[in-house]
Amino acid sequence: MSRAIDILAILLVGVAAVAFGFGLSALGDSQDFRAIYLMIIGGLALRASTEILRPRGGAA
């Protein structure tokens, strides 16, 4: 189970990187709304990947 979670986190980091890349490309083409949308998607994917890997405090 732990390995599947790690793979999901790595996949989300990849999605974030791709979204940021397309966002920068859209920003270069003066497509502001598309760039903002893609940057938000990238940020949310990056946050989700860090939340998945963050250790939880709880009873063992």
# chains A, B, ... in the order shown; residues from 1 in each chain; ligands from 1
$ residues_around --residues "region 18-33 of chain A" --least-positions-apart "6" --cutoff "8 Å" --atoms "only C-alpha atoms" --output "PyMOL selection string"
chain A and resi 39+41-42
$ residues_around --residues "region 50-52 of chain A" --least-positions-apart "4" --cutoff "9 Å" --atoms "only C-alpha atoms" --output "list in words"
Ile5, Asp6, Leu8, Ala9, Val13, Ala45 and Leu46 of chain A
$ write_last_selection --atoms "N, CA and C atoms" --output "tab-separated table (two decimals), in the first residue's frame"
chain	number	residue	atom	x	y	z
A	5	ILE	N	1.02	4.54	-2.74
A	5	ILE	CA	0.89	5.93	-2.34
A	5	ILE	C	2.08	6.74	-2.85
A	6	ASP	N	3.28	6.15	-2.77
A	6	ASP	CA	4.47	6.83	-3.29
A	6	ASP	C	4.36	7.06	-4.80
A	8	LEU	N	1.59	7.33	-6.53
A	8	LEU	CA	0.57	8.37	-6.73
A	8	LEU	C	1.16	9.76	-6.47
A	9	ALA	N	1.97	9.89	-5.43
A	9	ALA	CA	2.60	11.18	-5.13
A	9	ALA	C	3.55	11.60	-6.25
A	13	VAL	N	3.28	14.91	-8.73
A	13	VAL	CA	4.37	15.86	-8.96
A	13	VAL	C	4.59	16.03	-10.47
A	45	ALA	N	-2.08	20.21	-7.54
A	45	ALA	CA	-1.47	18.88	-7.68
A	45	ALA	C	-0.22	18.77	-6.81
A	46	LEU	N	0.57	19.82	-6.75
A	46	LEU	CA	1.77	19.81	-5.92
A	46	LEU	C	1.41	19.75	-4.44
$ atom_distance --atom1 "CA of Ile10 (chain A)" --atom2 "CA of Arg34 (chain A)"
24.5 Å
$ atom_distance --atom1 "CA of Arg3 (chain A)" --atom2 "CA of Ala16 (chain A)"
20.0 Å
$ closest_residue --among "A:Ala35, A:Ala48, A:Ile40, A:Leu53" --to "Leu12 (chain A)" --atoms "only C-alpha atoms"
A:Ala48
$ decode --residues "chain A" --atoms "C-alpha atoms" --output "PDB file, in the first residue's frame"
ATOM      1  CA  MET A   1       0.000   0.000   0.000  1.00  0.00           C
ATOM      2  CA  SER A   2       2.834   2.364   0.846  1.00  0.00           C
ATOM      3  CA  ARG A   3       4.400   1.828  -2.574  1.00  0.00           C
ATOM      4  CA  ALA A   4       1.129   2.712  -4.338  1.00  0.00           C
ATOM      5  CA  ILE A   5       0.893   5.935  -2.336  1.00  0.00           C
ATOM      6  CA  ASP A   6       4.468   6.827  -3.295  1.00  0.00           C
ATOM      7  CA  ILE A   7       3.703   6.200  -6.964  1.00  0.00           C
ATOM      8  CA  LEU A   8       0.573   8.374  -6.726  1.00  0.00           C
ATOM      9  CA  ALA A   9       2.597  11.181  -5.131  1.00  0.00           C
ATOM     10  CA  ILE A  10       5.237  10.970  -7.874  1.00  0.00           C
ATOM     11  CA  LEU A  11       2.480  11.012 -10.507  1.00  0.00           C
ATOM     12  CA  LEU A  12       0.975  14.136  -8.933  1.00  0.00           C
ATOM     13  CA  VAL A  13       4.372  15.856  -8.964  1.00  0.00           C
ATOM     14  CA  GLY A  14       4.619  15.005 -12.672  1.00  0.00           C
ATOM     15  CA  VAL A  15       1.136  16.419 -13.303  1.00  0.00           C
ATOM     16  CA  ALA A  16       2.133  19.580 -11.448  1.00  0.00           C
ATOM     17  CA  ALA A  17       5.309  19.948 -13.512  1.00  0.00           C
ATOM     18  CA  VAL A  18       3.415  19.486 -16.778  1.00  0.00           C
ATOM     19  CA  ALA A  19       0.709  21.949 -15.710  1.00  0.00           C
ATOM     20  CA  PHE A  20       3.319  24.543 -14.735  1.00  0.00           C
ATOM     21  CA  GLY A  21       5.092  24.030 -18.053  1.00  0.00           C
ATOM     22  CA  PHE A  22       1.923  24.485 -20.082  1.00  0.00           C
ATOM     23  CA  GLY A  23       1.024  27.460 -17.882  1.00  0.00           C
ATOM     24  CA  LEU A  24       4.329  29.140 -18.656  1.00  0.00           C
ATOM     25  CA  SER A  25       3.804  28.442 -22.340  1.00  0.00           C
ATOM     26  CA  ALA A  26       0.311  29.947 -22.207  1.00  0.00           C
ATOM     27  CA  LEU A  27       1.691  32.953 -20.363  1.00  0.00           C
ATOM     28  CA  GLY A  28       4.242  33.431 -23.132  1.00  0.00           C
ATOM     29  CA  ASP A  29       1.420  33.348 -25.702  1.00  0.00           C
ATOM     30  CA  SER A  30      -0.513  36.021 -23.746  1.00  0.00           C
ATOM     31  CA  GLN A  31      -3.313  33.606 -22.822  1.00  0.00           C
ATOM     32  CA  ASP A  32      -3.706  34.917 -19.294  1.00  0.00           C
ATOM     33  CA  PHE A  33      -6.799  33.003 -18.170  1.00  0.00           C
ATOM     34  CA  ARG A  34      -5.452  29.702 -19.450  1.00  0.00           C
ATOM     35  CA  ALA A  35      -2.122  30.385 -17.752  1.00  0.00           C
ATOM     36  CA  ILE A  36      -3.792  31.164 -14.421  1.00  0.00           C
ATOM     37  CA  TYR A  37      -5.956  28.043 -14.677  1.00  0.00           C
ATOM     38  CA  LEU A  38      -2.961  25.818 -15.394  1.00  0.00           C
ATOM     39  CA  MET A  39      -0.907  27.377 -12.597  1.00  0.00           C
ATOM     40  CA  ILE A  40      -3.749  26.734 -10.145  1.00  0.00           C
ATOM     41  CA  ILE A  41      -4.003  23.112 -11.316  1.00  0.00           C
ATOM     42  CA  GLY A  42      -0.238  22.738 -10.904  1.00  0.00           C
ATOM     43  CA  GLY A  43      -0.327  24.230  -7.430  1.00  0.00           C
ATOM     44  CA  LEU A  44      -3.181  21.994  -6.315  1.00  0.00           C
ATOM     45  CA  ALA A  45      -1.473  18.876  -7.679  1.00  0.00           C
ATOM     46  CA  LEU A  46       1.770  19.811  -5.920  1.00  0.00           C
ATOM     47  CA  ARG A  47      -0.048  20.441  -2.659  1.00  0.00           C
ATOM     48  CA  ALA A  48      -1.888  17.124  -2.957  1.00  0.00           C
ATOM     49  CA  SER A  49       1.362  15.244  -3.475  1.00  0.00           C
ATOM     50  CA  THR A  50       2.916  16.805  -0.372  1.00  0.00           C
ATOM     51  CA  GLU A  51      -0.207  16.126   1.697  1.00  0.00           C
ATOM     52  CA  ILE A  52      -0.098  12.468   0.712  1.00  0.00           C
ATOM     53  CA  LEU A  53       3.514  12.088   1.838  1.00  0.00           C
ATOM     54  CA  ARG A  54       3.242  14.138   5.031  1.00  0.00           C
ATOM     55  CA  PRO A  55       3.553  11.928   8.099  1.00  0.00           C
ATOM     56  CA  ARG A  56       0.416  11.720  10.186  1.00  0.00           C
ATOM     57  CA  GLY A  57       0.459  11.940  13.955  1.00  0.00           C
ATOM     58  CA  GLY A  58      -1.611   9.231  15.510  1.00  0.00           C
ATOM     59  CA  ALA A  59      -1.688   6.225  17.748  1.00  0.00           C
ATOM     60  CA  ALA A  60       0.562   3.412  16.621  1.00  0.00           C
TER      61      ALA A  60
END
